[in-house]
$ cat final02.cif   # mmCIF, C-alpha atoms
data_coords
loop_
_atom_site.group_PDB
_atom_site.id
_atom_site.type_symbol
_atom_site.label_atom_id
_atom_site.label_comp_id
_atom_site.auth_asym_id
_atom_site.auth_seq_id
_atom_site.Cartn_x
_atom_site.Cartn_y
_atom_site.Cartn_z
ATOM 1 C CA MET A 15 0.000 0.000 0.000
ATOM 2 C CA ARG A 16 3.015 2.271 0.150
ATOM 3 C CA TRP A 17 2.828 3.051 -3.544
ATOM 4 C CA LEU A 18 -0.657 4.531 -3.037
ATOM 5 C CA ARG A 19 0.858 7.036 -0.633
ATOM 6 C CA TYR A 20 3.597 7.852 -3.141
ATOM 7 C CA LEU A 21 0.964 8.384 -5.814
ATOM 8 C CA ASN A 22 -0.868 10.860 -3.573
ATOM 9 C CA GLN A 23 2.317 12.810 -2.935
ATOM 10 C CA TRP A 24 3.052 12.935 -6.623
ATOM 11 C CA ARG A 25 -0.453 14.141 -7.376
ATOM 12 C CA GLY A 26 0.181 17.328 -5.421
ATOM 13 C CA THR A 27 3.455 17.957 -7.201
ATOM 14 C CA ALA A 28 2.004 17.066 -10.564
ATOM 15 C CA LYS A 29 -0.808 19.571 -10.122
ATOM 16 C CA GLU A 30 1.662 22.270 -9.165
ATOM 17 C CA ALA A 31 3.883 21.432 -12.145
ATOM 18 C CA LEU A 32 0.875 21.591 -14.482
ATOM 19 C CA GLU A 33 -0.058 25.000 -13.108
ATOM 20 C CA GLN A 34 3.430 26.338 -13.664
ATOM 21 C CA VAL A 35 3.513 24.929 -17.191
ATOM 22 C CA SER A 36 0.172 26.510 -17.989
ATOM 23 C CA ILE A 37 1.401 29.889 -16.728
ATOM 24 C CA VAL A 38 4.453 29.629 -18.970
ATOM 25 C CA ALA A 39 2.285 28.531 -21.910
ATOM 26 C CA LYS A 40 -0.067 31.497 -21.444
ATOM 27 C CA PHE A 41 2.899 33.843 -21.252
ATOM 28 C CA LEU A 42 4.354 32.463 -24.494
ATOM 29 C CA CYS A 43 0.988 32.879 -26.195
ATOM 30 C CA LEU A 44 0.915 36.503 -24.997
ATOM 31 C CA ILE A 45 4.363 37.077 -26.439
ATOM 32 C CA HIS A 46 3.287 35.571 -29.751
ATOM 33 C CA VAL A 47 0.186 37.752 -29.975
ATOM 34 C CA THR A 48 2.089 40.919 -29.047
ATOM 35 C CA ASP A 49 4.871 40.164 -31.487
ATOM 36 C CA ARG A 50 2.576 39.326 -34.378
ATOM 37 C CA TYR A 51 -0.308 41.745 -33.888
ATOM 38 C CA ILE A 52 0.881 44.727 -31.861
ATOM 39 C CA ILE A 53 4.549 45.641 -31.790
ATOM 40 C CA SER A 54 7.835 43.879 -32.387
ATOM 41 C CA SER A 55 11.512 44.601 -32.775
ATOM 42 C CA THR A 56 13.462 43.728 -35.888
ATOM 43 C CA HIS A 57 17.098 43.793 -36.819
ATOM 44 C CA VAL A 58 17.540 45.328 -40.244
ATOM 45 C CA GLN A 59 20.746 45.522 -42.172
ATOM 46 C CA GLY A 60 21.993 46.175 -45.660
ATOM 47 C CA PRO A 61 22.783 49.164 -47.831
ATOM 48 C CA SER A 62 19.399 49.538 -49.505
ATOM 49 C CA MET A 63 17.959 52.091 -47.070
ATOM 50 C CA LEU A 64 21.012 54.337 -46.650
ATOM 51 C CA PRO A 65 21.163 57.039 -45.353
ATOM 52 C CA THR A 66 17.972 56.455 -43.348
ATOM 53 C CA LEU A 67 19.085 53.104 -41.921
ATOM 54 C CA ASN A 68 22.713 52.183 -41.306
ATOM 55 C CA LEU A 69 24.664 49.654 -43.320
ATOM 56 C CA THR A 70 25.847 47.639 -40.356
ATOM 57 C CA GLY A 71 22.462 46.993 -38.869
ATOM 58 C CA ASP A 72 19.867 48.756 -36.750
ATOM 59 C CA VAL A 73 17.179 47.509 -34.416
ATOM 60 C CA ILE A 74 13.818 49.128 -35.107
ATOM 61 C CA LEU A 75 10.443 48.843 -33.454
ATOM 62 C CA ALA A 76 7.679 48.019 -35.892
ATOM 63 C CA GLU A 77 3.950 48.058 -35.273
ATOM 64 C CA HIS A 78 1.577 45.565 -36.850
ATOM 65 C CA LEU A 79 -1.728 47.401 -36.526
ATOM 66 C CA SER A 80 -1.686 49.995 -39.303
ATOM 67 C CA HIS A 81 -1.565 47.581 -42.184
ATOM 68 C CA ARG A 82 -4.571 45.644 -40.911
ATOM 69 C CA PHE A 83 -6.693 48.779 -41.060
ATOM 70 C CA GLY A 84 -5.361 49.935 -44.391
ATOM 71 C CA LYS A 85 -3.527 52.897 -42.880
ATOM 72 C CA ILE A 86 -0.258 52.571 -44.756
ATOM 73 C CA GLY A 87 0.514 55.862 -46.498
ATOM 74 C CA LEU A 88 3.081 57.332 -48.826
ATOM 75 C CA GLY A 89 6.533 57.652 -47.340
ATOM 76 C CA ASP A 90 6.040 54.993 -44.661
ATOM 77 C CA ILE A 91 8.881 52.586 -44.049
ATOM 78 C CA VAL A 92 7.349 49.123 -44.069
ATOM 79 C CA LEU A 93 8.441 45.575 -43.393
ATOM 80 C CA VAL A 94 7.433 43.466 -46.376
ATOM 81 C CA ARG A 95 7.742 39.756 -47.017
ATOM 82 C CA SER A 96 9.978 39.477 -50.060
ATOM 83 C CA PRO A 97 8.108 38.477 -53.243
ATOM 84 C CA THR A 98 11.178 36.639 -54.474
ATOM 85 C CA ASP A 99 11.904 34.689 -51.298
ATOM 86 C CA PRO A 100 9.046 34.221 -48.815
ATOM 87 C CA THR A 101 11.379 33.327 -45.956
ATOM 88 C CA ARG A 102 12.976 36.796 -45.973
ATOM 89 C CA MET A 103 11.609 40.144 -44.852
ATOM 90 C CA VAL A 104 12.724 43.367 -46.499
ATOM 91 C CA THR A 105 12.458 46.940 -45.255
ATOM 92 C CA LYS A 106 11.597 49.552 -47.847
ATOM 93 C CA ARG A 107 9.697 52.798 -48.224
ATOM 94 C CA VAL A 108 6.247 52.998 -49.806
ATOM 95 C CA LEU A 109 6.433 55.393 -52.744
ATOM 96 C CA GLY A 110 3.183 54.588 -54.504
ATOM 97 C CA LEU A 111 -0.295 53.375 -53.568
ATOM 98 C CA GLU A 112 -2.834 51.722 -55.865
ATOM 99 C CA GLY A 113 -3.812 53.858 -58.806
ATOM 100 C CA HIS A 114 -0.756 56.109 -58.605
ATOM 101 C CA ARG A 115 1.355 56.703 -61.660
ATOM 102 C CA LEU A 116 5.112 56.623 -61.077
ATOM 103 C CA SER A 117 8.084 57.064 -63.309
ATOM 104 C CA PHE A 118 11.486 55.803 -62.420
ATOM 105 C CA SER A 119 14.814 55.507 -64.082
ATOM 106 C CA ALA A 120 15.521 52.037 -65.446
ATOM 107 C CA ASP A 121 19.145 52.091 -64.388
ATOM 108 C CA PRO A 122 20.255 55.008 -62.210
ATOM 109 C CA LEU A 123 23.921 54.518 -63.092
ATOM 110 C CA VAL A 124 23.527 54.602 -66.838
ATOM 111 C CA GLY A 125 21.648 57.209 -68.792
ATOM 112 C CA ASP A 126 18.263 58.665 -68.017
ATOM 113 C CA SER A 127 15.770 56.439 -69.814
ATOM 114 C CA SER A 128 12.714 56.469 -67.618
ATOM 115 C CA ILE A 129 9.808 54.025 -67.357
ATOM 116 C CA SER A 130 6.309 54.989 -66.280
ATOM 117 C CA VAL A 131 3.957 52.565 -64.468
ATOM 118 C CA VAL A 132 0.551 52.673 -62.852
ATOM 119 C CA VAL A 133 0.308 50.774 -59.570
ATOM 120 C CA PRO A 134 -2.466 48.153 -59.956
ATOM 121 C CA LYS A 135 -5.344 47.686 -57.503
ATOM 122 C CA GLY A 136 -4.361 46.081 -54.216
ATOM 123 C CA HIS A 137 -0.639 46.695 -54.751
ATOM 124 C CA VAL A 138 1.963 49.157 -53.494
ATOM 125 C CA TRP A 139 5.269 50.378 -54.926
ATOM 126 C CA ILE A 140 8.210 50.034 -52.565
ATOM 127 C CA GLN A 141 11.702 51.440 -53.030
ATOM 128 C CA GLY A 142 14.829 51.597 -50.946
ATOM 129 C CA ASP A 143 16.205 55.053 -50.158
ATOM 130 C CA ASN A 144 19.540 54.097 -51.681
ATOM 131 C CA LEU A 145 18.606 53.885 -55.355
ATOM 132 C CA TYR A 146 21.954 52.488 -56.403
ATOM 133 C CA ALA A 147 22.031 49.476 -54.082
ATOM 134 C CA SER A 148 18.477 48.352 -53.627
ATOM 135 C CA THR A 149 16.404 45.578 -55.207
ATOM 136 C CA ASP A 150 12.853 46.775 -54.918
ATOM 137 C CA SER A 151 9.775 47.414 -57.024
ATOM 138 C CA ARG A 152 11.994 48.710 -59.812
ATOM 139 C CA ASN A 153 13.198 45.107 -60.141
ATOM 140 C CA PHE A 154 10.276 42.915 -59.068
ATOM 141 C CA GLY A 155 7.364 45.235 -59.772
ATOM 142 C CA PRO A 156 4.612 46.441 -57.446
ATOM 143 C CA VAL A 157 3.941 44.111 -54.520
ATOM 144 C CA PRO A 158 0.495 43.064 -53.241
ATOM 145 C CA TYR A 159 -0.611 45.064 -50.198
ATOM 146 C CA ASN A 160 -1.076 41.847 -48.209
ATOM 147 C CA LEU A 161 2.653 41.175 -48.208
ATOM 148 C CA ILE A 162 3.135 44.146 -45.880
ATOM 149 C CA GLU A 163 3.585 42.879 -42.348
ATOM 150 C CA GLY A 164 4.497 45.953 -40.307
ATOM 151 C CA LYS A 165 5.299 49.642 -40.297
ATOM 152 C CA ALA A 166 8.519 50.962 -38.774
ATOM 153 C CA LEU A 167 7.976 53.181 -35.743
ATOM 154 C CA LEU A 168 11.328 54.188 -34.380
ATOM 155 C CA ARG A 169 14.901 53.043 -34.159
ATOM 156 C CA VAL A 170 16.140 51.834 -30.781
ATOM 157 C CA TRP A 171 19.715 50.714 -31.550
ATOM 158 C CA PRO A 172 22.427 52.059 -31.905
ATOM 159 C CA PRO A 173 21.642 54.471 -29.062
ATOM 160 C CA ARG A 174 23.073 57.555 -30.711
ATOM 161 C CA PHE A 175 20.570 57.159 -33.539
ATOM 162 C CA PHE A 176 17.616 56.554 -31.234
ATOM 163 C CA GLY A 177 14.449 58.179 -32.469
ATOM 164 C CA SER A 178 11.894 58.299 -35.217
ATOM 165 C CA LEU A 179 12.869 57.606 -38.802
ATOM 166 C CA ARG A 180 12.579 60.099 -41.620
ATOM 167 C CA MET B 185 -18.817 43.725 -5.186
ATOM 168 C CA GLY B 186 -19.625 40.150 -6.176
ATOM 169 C CA ILE B 187 -20.787 41.109 -9.654
ATOM 170 C CA GLN B 188 -17.648 43.118 -10.301
ATOM 171 C CA THR B 189 -15.314 40.284 -9.404
ATOM 172 C CA LEU B 190 -17.454 37.918 -11.463
ATOM 173 C CA ILE B 191 -17.223 40.158 -14.521
ATOM 174 C CA TRP B 192 -13.498 40.528 -13.976
ATOM 175 C CA GLN B 193 -13.020 36.759 -13.735
ATOM 176 C CA VAL B 194 -15.035 36.168 -16.896
ATOM 177 C CA THR B 195 -13.108 38.866 -18.754
ATOM 178 C CA LYS B 196 -9.779 37.401 -17.654
ATOM 179 C CA LYS B 197 -10.801 33.907 -18.757
ATOM 180 C CA ALA B 198 -12.092 35.194 -22.098
ATOM 181 C CA PHE B 199 -8.921 37.195 -22.700
ATOM 182 C CA THR B 200 -6.683 34.233 -21.888
ATOM 183 C CA GLY B 201 -8.790 31.909 -24.010
ATOM 184 C CA GLY B 202 -8.706 34.366 -26.875
ATOM 185 C CA ILE B 203 -4.928 34.717 -26.766
ATOM 186 C CA ILE B 204 -4.384 30.971 -26.601
ATOM 187 C CA GLY B 205 -6.862 30.404 -29.439
ATOM 188 C CA LEU B 206 -5.160 33.049 -31.572
ATOM 189 C CA THR B 207 -1.744 31.492 -31.030
ATOM 190 C CA ILE B 208 -2.984 28.005 -31.850
ATOM 191 C CA SER B 209 -4.755 29.243 -34.962
ATOM 192 C CA ASP B 210 -1.610 31.061 -36.117
ATOM 193 C CA ARG B 211 0.930 28.358 -35.459
ATOM 194 C CA PHE B 212 -0.805 24.981 -35.537
ATOM 195 C CA CYS B 213 -4.064 24.785 -37.464
ATOM 196 C CA SER B 214 -7.374 26.529 -37.914
ATOM 197 C CA VAL B 215 -10.788 25.716 -39.365
ATOM 198 C CA VAL B 216 -12.153 27.885 -42.174
ATOM 199 C CA PRO B 217 -15.345 27.684 -44.230
ATOM 200 C CA VAL B 218 -15.159 27.262 -47.991
ATOM 201 C CA ARG B 219 -17.374 29.708 -49.882
ATOM 202 C CA GLY B 220 -18.300 29.400 -53.506
ATOM 203 C CA ASP B 221 -17.852 26.496 -55.865
ATOM 204 C CA SER B 222 -14.538 27.289 -57.509
ATOM 205 C CA MET B 223 -13.071 24.139 -55.962
ATOM 206 C CA SER B 224 -15.901 21.763 -56.939
ATOM 207 C CA PRO B 225 -15.991 18.793 -56.592
ATOM 208 C CA THR B 226 -13.202 18.769 -54.019
ATOM 209 C CA PHE B 227 -15.117 21.240 -51.812
ATOM 210 C CA ASN B 228 -18.776 22.281 -51.925
ATOM 211 C CA PRO B 229 -19.860 19.830 -54.611
ATOM 212 C CA GLN B 230 -23.447 21.103 -54.424
ATOM 213 C CA ARG B 231 -24.458 24.714 -54.683
ATOM 214 C CA ASP B 232 -26.412 25.006 -51.381
ATOM 215 C CA SER B 233 -24.774 27.499 -49.085
ATOM 216 C CA TYR B 234 -26.095 25.982 -45.854
ATOM 217 C CA LEU B 235 -23.938 22.939 -46.486
ATOM 218 C CA ASP B 236 -20.613 24.758 -46.875
ATOM 219 C CA ASP B 237 -17.569 22.631 -46.242
ATOM 220 C CA TYR B 238 -15.317 23.478 -43.325
ATOM 221 C CA VAL B 239 -11.681 22.560 -43.775
ATOM 222 C CA LEU B 240 -8.686 22.189 -41.499
ATOM 223 C CA VAL B 241 -5.824 24.485 -42.490
ATOM 224 C CA ASP B 242 -2.382 23.419 -41.341
ATOM 225 C CA LYS B 243 0.086 26.192 -40.460
ATOM 226 C CA PHE B 244 3.280 24.227 -39.918
ATOM 227 C CA CYS B 245 4.140 24.621 -43.586
ATOM 228 C CA LEU B 246 4.544 28.392 -43.066
ATOM 229 C CA LYS B 247 7.788 27.925 -41.190
ATOM 230 C CA ASP B 248 9.832 27.333 -44.335
ATOM 231 C CA TYR B 249 7.218 27.909 -47.029
ATOM 232 C CA LYS B 250 7.694 24.414 -48.391
ATOM 233 C CA PHE B 251 4.866 23.745 -50.794
ATOM 234 C CA ALA B 252 4.461 21.357 -53.696
ATOM 235 C CA ARG B 253 2.398 21.191 -56.847
ATOM 236 C CA GLY B 254 -1.049 19.825 -55.974
ATOM 237 C CA ASP B 255 -1.327 21.411 -52.507
ATOM 238 C CA VAL B 256 -4.591 23.180 -51.774
ATOM 239 C CA VAL B 257 -3.732 26.453 -50.055
ATOM 240 C CA VAL B 258 -5.443 29.422 -48.422
ATOM 241 C CA PHE B 259 -3.993 32.743 -49.549
ATOM 242 C CA SER B 260 -4.750 36.469 -49.312
ATOM 243 C CA SER B 261 -5.921 38.057 -52.507
ATOM 244 C CA PRO B 262 -3.299 40.047 -54.436
ATOM 245 C CA SER B 263 -5.880 42.545 -55.611
ATOM 246 C CA HIS B 264 -8.423 42.868 -52.791
ATOM 247 C CA TYR B 265 -6.584 43.250 -49.537
ATOM 248 C CA LYS B 266 -9.331 41.941 -47.254
ATOM 249 C CA GLU B 267 -10.246 38.765 -49.162
ATOM 250 C CA ARG B 268 -8.835 35.263 -48.935
ATOM 251 C CA TYR B 269 -9.187 32.475 -51.432
ATOM 252 C CA ILE B 270 -8.704 28.699 -51.418
ATOM 253 C CA LYS B 271 -7.167 27.234 -54.573
ATOM 254 C CA ARG B 272 -4.778 24.516 -55.676
ATOM 255 C CA ILE B 273 -1.123 25.109 -56.593
ATOM 256 C CA VAL B 274 -0.526 23.896 -60.128
ATOM 257 C CA GLY B 275 2.830 25.572 -60.764
ATOM 258 C CA MET B 276 5.869 26.045 -58.566
ATOM 259 C CA PRO B 277 8.718 28.546 -59.197
ATOM 260 C CA GLY B 278 10.577 27.827 -62.397
ATOM 261 C CA GLU B 279 7.813 25.775 -63.975
ATOM 262 C CA TRP B 280 6.056 26.648 -67.224
ATOM 263 C CA ILE B 281 2.307 27.088 -67.419
ATOM 264 C CA SER B 282 0.461 27.190 -70.710
ATOM 265 C CA SER B 283 -2.400 29.661 -70.722
ATOM 266 C CA THR B 284 -4.708 30.617 -73.572
ATOM 267 C CA GLU B 285 -2.231 32.447 -75.809
ATOM 268 C CA ASP B 286 1.259 31.695 -74.595
ATOM 269 C CA VAL B 287 3.479 29.858 -72.185
ATOM 270 C CA ILE B 288 4.321 31.607 -68.896
ATOM 271 C CA ARG B 289 7.213 30.860 -66.588
ATOM 272 C CA VAL B 290 6.410 31.069 -62.873
ATOM 273 C CA PRO B 291 8.908 33.534 -61.335
ATOM 274 C CA GLU B 292 11.034 32.809 -58.247
ATOM 275 C CA GLY B 293 9.137 33.076 -54.996
ATOM 276 C CA HIS B 294 5.747 32.821 -56.751
ATOM 277 C CA CYS B 295 3.273 30.062 -57.572
ATOM 278 C CA TRP B 296 0.445 29.516 -60.036
ATOM 279 C CA VAL B 297 -2.909 28.683 -58.437
ATOM 280 C CA GLU B 298 -6.061 27.422 -60.094
ATOM 281 C CA GLY B 299 -9.431 26.256 -58.849
ATOM 282 C CA ASP B 300 -10.516 22.678 -59.539
ATOM 283 C CA ASN B 301 -13.710 23.952 -61.169
ATOM 284 C CA LYS B 302 -12.110 25.810 -64.047
ATOM 285 C CA ALA B 303 -15.384 27.155 -65.356
ATOM 286 C CA SER B 304 -16.133 29.352 -62.342
ATOM 287 C CA SER B 305 -12.860 30.145 -60.643
ATOM 288 C CA LEU B 306 -11.062 33.453 -60.194
ATOM 289 C CA ASP B 307 -7.426 32.414 -60.064
ATOM 290 C CA SER B 308 -3.974 32.874 -61.575
ATOM 291 C CA ARG B 309 -5.452 32.803 -65.065
ATOM 292 C CA THR B 310 -6.862 36.233 -64.130
ATOM 293 C CA PHE B 311 -4.455 37.777 -61.622
ATOM 294 C CA GLY B 312 -1.230 36.036 -62.573
ATOM 295 C CA PRO B 313 1.187 34.136 -60.362
ATOM 296 C CA ILE B 314 1.002 35.016 -56.661
ATOM 297 C CA PRO B 315 3.960 35.478 -54.286
ATOM 298 C CA LEU B 316 4.367 32.523 -51.914
ATOM 299 C CA GLY B 317 4.366 35.049 -49.069
ATOM 300 C CA LEU B 318 0.621 35.553 -49.519
ATOM 301 C CA ILE B 319 -0.116 31.950 -48.595
ATOM 302 C CA GLY B 320 -1.690 31.518 -45.169
ATOM 303 C CA GLY B 321 -1.792 27.742 -44.790
ATOM 304 C CA ARG B 322 -2.319 24.383 -46.472
ATOM 305 C CA VAL B 323 -5.645 22.554 -46.415
ATOM 306 C CA THR B 324 -5.260 19.011 -45.098
ATOM 307 C CA ARG B 325 -8.757 17.748 -44.289
ATOM 308 C CA VAL B 326 -12.438 18.421 -44.642
ATOM 309 C CA VAL B 327 -13.923 18.447 -41.129
ATOM 310 C CA TRP B 328 -17.595 19.360 -41.741
ATOM 311 C CA PRO B 329 -20.184 18.123 -42.706
ATOM 312 C CA PRO B 330 -19.463 14.780 -41.045
ATOM 313 C CA GLN B 331 -20.372 12.698 -44.070
ATOM 314 C CA ARG B 332 -17.668 14.467 -46.113
ATOM 315 C CA LEU B 333 -14.846 13.947 -43.603
ATOM 316 C CA SER B 334 -11.790 13.233 -45.731
ATOM 317 C CA LYS B 335 -8.116 13.822 -46.124
ATOM 318 C CA ILE B 336 -6.990 16.015 -48.980
ATOM 319 C CA GLY B 337 -3.988 14.270 -50.463
ATOM 320 C CA GLY B 338 -1.382 15.566 -52.832
#

$ encode --input "final02.cif" --output "structure tokens"
Amino acid sequence: MRWLRYLNQWRGTAKEALEQVSIVAKFLCLIHVTDRYIISSTHVQGPSMLPTLNLTGDVILAEHLSHRFGKIGLGDIVLVRSPTDPTRMVTKRVLGLEGHRLSFSADPLVGDSSISVVVPKGHVWIQGDNLYASTDSRNFGPVPYNLIEGKALLRVWPPRFFGSLR
Amino acid sequence: MGIQTLIWQVTKKAFTGGIIGLTISDRFCSVVPVRGDSMSPTFNPQRDSYLDDYVLVDKFCLKDYKFARGDVVVFSSPSHYKERYIKRIVGMPGEWISSTEDVIRVPEGHCWVEGDNKASSLDSRTFGPIPLGLIGGRVTRVVWPPQRLSKIGG
């Protein structure tokens, strides 16, 4: 009959362990919801958004509410899932909304032949601030609005560049 | 005082339940209704709307975006930002699709989707190949109505 007593002892511990696990699980779910739907931090790097964002990498806070309500406007820096590689996110600036007509230079290093496009319905035109080192809508065309996953709010690292982005 | 604590308890439970449900539906699987008959006879083989199929959408595939030709996927519309469609992938990146006039190559990072019921389906034949990033999950089973419970292979 001793094993019955052991079982009873373990029941108390097991219940406590389950409670702790459920607290951790709820906390992880809260983190997931905050990160996906409210605000998150991202490390961005690369030369395509110079001089706004540094080459060696910045940490920015991005919010995930505006794009769900359609409040992305011209000039916003957005986090977009790359149309050429869905496992990567890219950070670019929105320079055209649906229905806008844009003209851009086919190759900024050579000559000034310019191409004019109209952004189709449900799409946006994104470009990096550094026209010479950025693959963006000038290469892969306008991207569907639904690929936008967040809007950059402010930069938090490195500390001397802390603040809103312009 | 009793009513206030009761309301607070209920709100806390609802909030926690909502957060857990949202996480599960984002990371594991969710159930969505199928509207319209663009995927007949795989889904909604009859045209009565009170017998819409409900399908289980698996979200594990979104970790690496590994899809294959023949998968039925849920994706956000490229032209209407609030709508989502369910169609089948018939072309993966690098493959050639023959449409009415010419042969189109599916670009990198995109896929060609078509409905099983080609006569009444708004798909890639209209809006072109869609970026894989628009996909929101892969349909694995039909879960309602009970007589149509089945696994969607391929």

$ residues_around --input "final02.cif" --residues "region 172-175 of chain A" --least-positions-apart "6" --cutoff "9 Å" --atoms "all atoms listed in the file" --output "PyMOL selection string"
chain A and resi 71-73

$ residues_around --input "final02.cif" --residues "Pro315 (chain B)" --least-positions-apart "2" --cutoff "12 Å" --atoms "all atoms listed in the file" --output "PyMOL selection string"
(chain A and resi 94-101+154-161) or (chain B and resi 249+259-262+273+275-277+290-297+308+311-313+317-320)

$ residues_around --input "final02.cif" --residues "region 78-87 of chain A" --least-positions-apart "5" --cutoff "8 Å" --atoms "all atoms listed in the file" --output "ChimeraX atom specification"
/A:50-54,108,111,162-165

$ residues_near_point --input "final02.cif" --point "(14.1, 50.1, -34.4)" --cutoff "10 Å" --atoms "all atoms listed in the file" --output "VMD selection string"
chain A and resid 54 to 58 67 71 to 76 166 to 172 175 to 179

$ resolve_selection --input "final02.cif" --expression "the PyMOL selection byres ((chain B and resi 328) around 9)" --output "list in words"
Pro217, Leu235, Asp236, Asp237, Tyr238, Val239, Val326, Val327, Pro329, Pro330, Gln331, Arg332 and Leu333 of chain B

$ residues_around --input "final02.cif" --residues "region 192-202 of chain B" --least-positions-apart "4" --cutoff "8 Å" --atoms "all atoms listed in the file" --output "ChimeraX atom specification"
/A:40 /B:188,206

$ resolve_selection --input "final02.cif" --expression "the PyMOL selection byres ((chain A and resi 88) around 12)" --output "ChimeraX atom specification"
/A:85-87,89-92,106-112,114,138-141,165

$ resolve_selection --input "final02.cif" --expression "the PyMOL selection byres ((chain A and resi 61) around 12)" --output "count of residues only"
25

$ closest_residue --input "final02.cif" --among "A:Trp24, A:Trp17, A:Phe118, A:Phe41" --to "chain B" --atoms "only C-alpha atoms"
A:Phe41

$ atom_distance --input "final02.cif" --atom1 "CA of Ile314 (chain B)" --atom2 "CA of Cys213 (chain B)"
22.3 Å

$ closest_residue --input "final02.cif" --among "B:Leu316, B:Val257, B:Val241, B:Val287" --to "chain A" --atoms "only C-alpha atoms"
B:Leu316

$ atom_distance --input "final02.cif" --atom1 "CA of Arg322 (chain B)" --atom2 "CA of Arg102 (chain A)"
19.7 Å

$ residues_around --input "final02.cif" --residues "Ser209 (chain B)" --least-positions-apart "4" --cutoff "9 Å" --atoms "only C-alpha atoms" --output "ChimeraX atom specification"
/B:204-205,213-215,241-243

$ write_last_selection --input "final02.cif" --atoms "C-alpha atoms" --output "tab-separated table (two decimals), in the coordinates of the input"
chain	number	residue	atom	x	y	z
B	204	ILE	CA	-4.38	30.97	-26.60
B	205	GLY	CA	-6.86	30.40	-29.44
B	213	CYS	CA	-4.06	24.78	-37.46
B	214	SER	CA	-7.37	26.53	-37.91
B	215	VAL	CA	-10.79	25.72	-39.36
B	241	VAL	CA	-5.82	24.48	-42.49
B	242	ASP	CA	-2.38	23.42	-41.34
B	243	LYS	CA	0.09	26.19	-40.46

$ closest_residue --input "final02.cif" --among "A:Glu77, A:Leu32, A:Leu21, A:Gly113" --to "His137 (chain A)" --atoms "all atoms listed in the file"
A:Gly113

$ atom_distance --input "final02.cif" --atom1 "CA of Leu123 (chain A)" --atom2 "CA of Arg152 (chain A)"
13.7 Å

$ closest_residue --input "final02.cif" --among "B:Val323, B:Leu190, B:Ile288, B:Leu246" --to "chain A" --atoms "only C-alpha atoms"
B:Leu246

$ axis_aligned_box --input "final02.cif" --around "region 165-176 of chain A" --padding-each-side "3 Å" --output "AutoDock Vina command-line options"
--center_x 14.2 --center_y 53.6 --center_z -34.7 --size_x 23.8 --size_y 13.9 --size_z 17.2

$ closest_atom_pairs --input "final02.cif" --of "region 257-297 of chain B" --to "region 125-136 of chain A" --cutoff "8 Å" --atoms "only C-alpha atoms" --output "Markdown table"
| residue | atom | partner | partner_atom | distance |
| --- | --- | --- | --- | --- |
| B:Pro262 | CA | A:Gly136 | CA | 6.1 |
| B:Ser263 | CA | A:Gly136 | CA | 4.1 |
| B:His264 | CA | A:Gly136 | CA | 5.4 |
| B:Tyr265 | CA | A:Gly136 | CA | 5.9 |

$ closest_residue --input "final02.cif" --among "B:Phe244, B:Glu267, B:Ser282, B:Lys335" --to "Phe212 (chain B)" --atoms "only C-alpha atoms"
B:Phe244

$ closest_residue --input "final02.cif" --among "B:Thr189, B:Thr207, B:Ser283, B:Asn301" --to "chain A" --atoms "only C-alpha atoms"
B:Thr207

$ build_atoms --input "final02.cif" --residues "region 262-272 of chain B" --atoms "N, CA and C atoms" --output "tab-separated table (two decimals), in the coordinates of the input"
chain	number	residue	atom	x	y	z
B	262	PRO	N	-4.25	39.01	-54.04
B	262	PRO	CA	-3.30	40.05	-54.44
B	262	PRO	C	-3.97	41.34	-54.86
B	263	SER	N	-5.27	41.31	-55.13
B	263	SER	CA	-5.88	42.54	-55.61
B	263	SER	C	-6.91	43.14	-54.65
B	264	HIS	N	-7.48	42.32	-53.77
B	264	HIS	CA	-8.42	42.87	-52.79
B	264	HIS	C	-7.88	42.56	-51.42
B	265	TYR	N	-7.44	43.58	-50.67
B	265	TYR	CA	-6.58	43.25	-49.54
B	265	TYR	C	-7.32	42.61	-48.38
B	266	LYS	N	-8.66	42.57	-48.39
B	266	LYS	CA	-9.33	41.94	-47.25
B	266	LYS	C	-9.77	40.52	-47.56
B	267	GLU	N	-9.67	40.06	-48.81
B	267	GLU	CA	-10.25	38.76	-49.16
B	267	GLU	C	-9.22	37.65	-49.15
B	268	ARG	N	-9.72	36.42	-48.88
B	268	ARG	CA	-8.84	35.26	-48.94
B	268	ARG	C	-9.48	34.21	-49.80
B	269	TYR	N	-8.67	33.49	-50.53
B	269	TYR	CA	-9.19	32.48	-51.43
B	269	TYR	C	-8.59	31.13	-51.08
B	270	ILE	N	-9.25	30.06	-51.55
B	270	ILE	CA	-8.70	28.70	-51.42
B	270	ILE	C	-8.59	28.13	-52.82
B	271	LYS	N	-7.37	27.79	-53.23
B	271	LYS	CA	-7.17	27.23	-54.57
B	271	LYS	C	-6.06	26.20	-54.50
B	272	ARG	N	-5.81	25.54	-55.63
B	272	ARG	CA	-4.78	24.52	-55.68
B	272	ARG	C	-3.56	25.05	-56.40
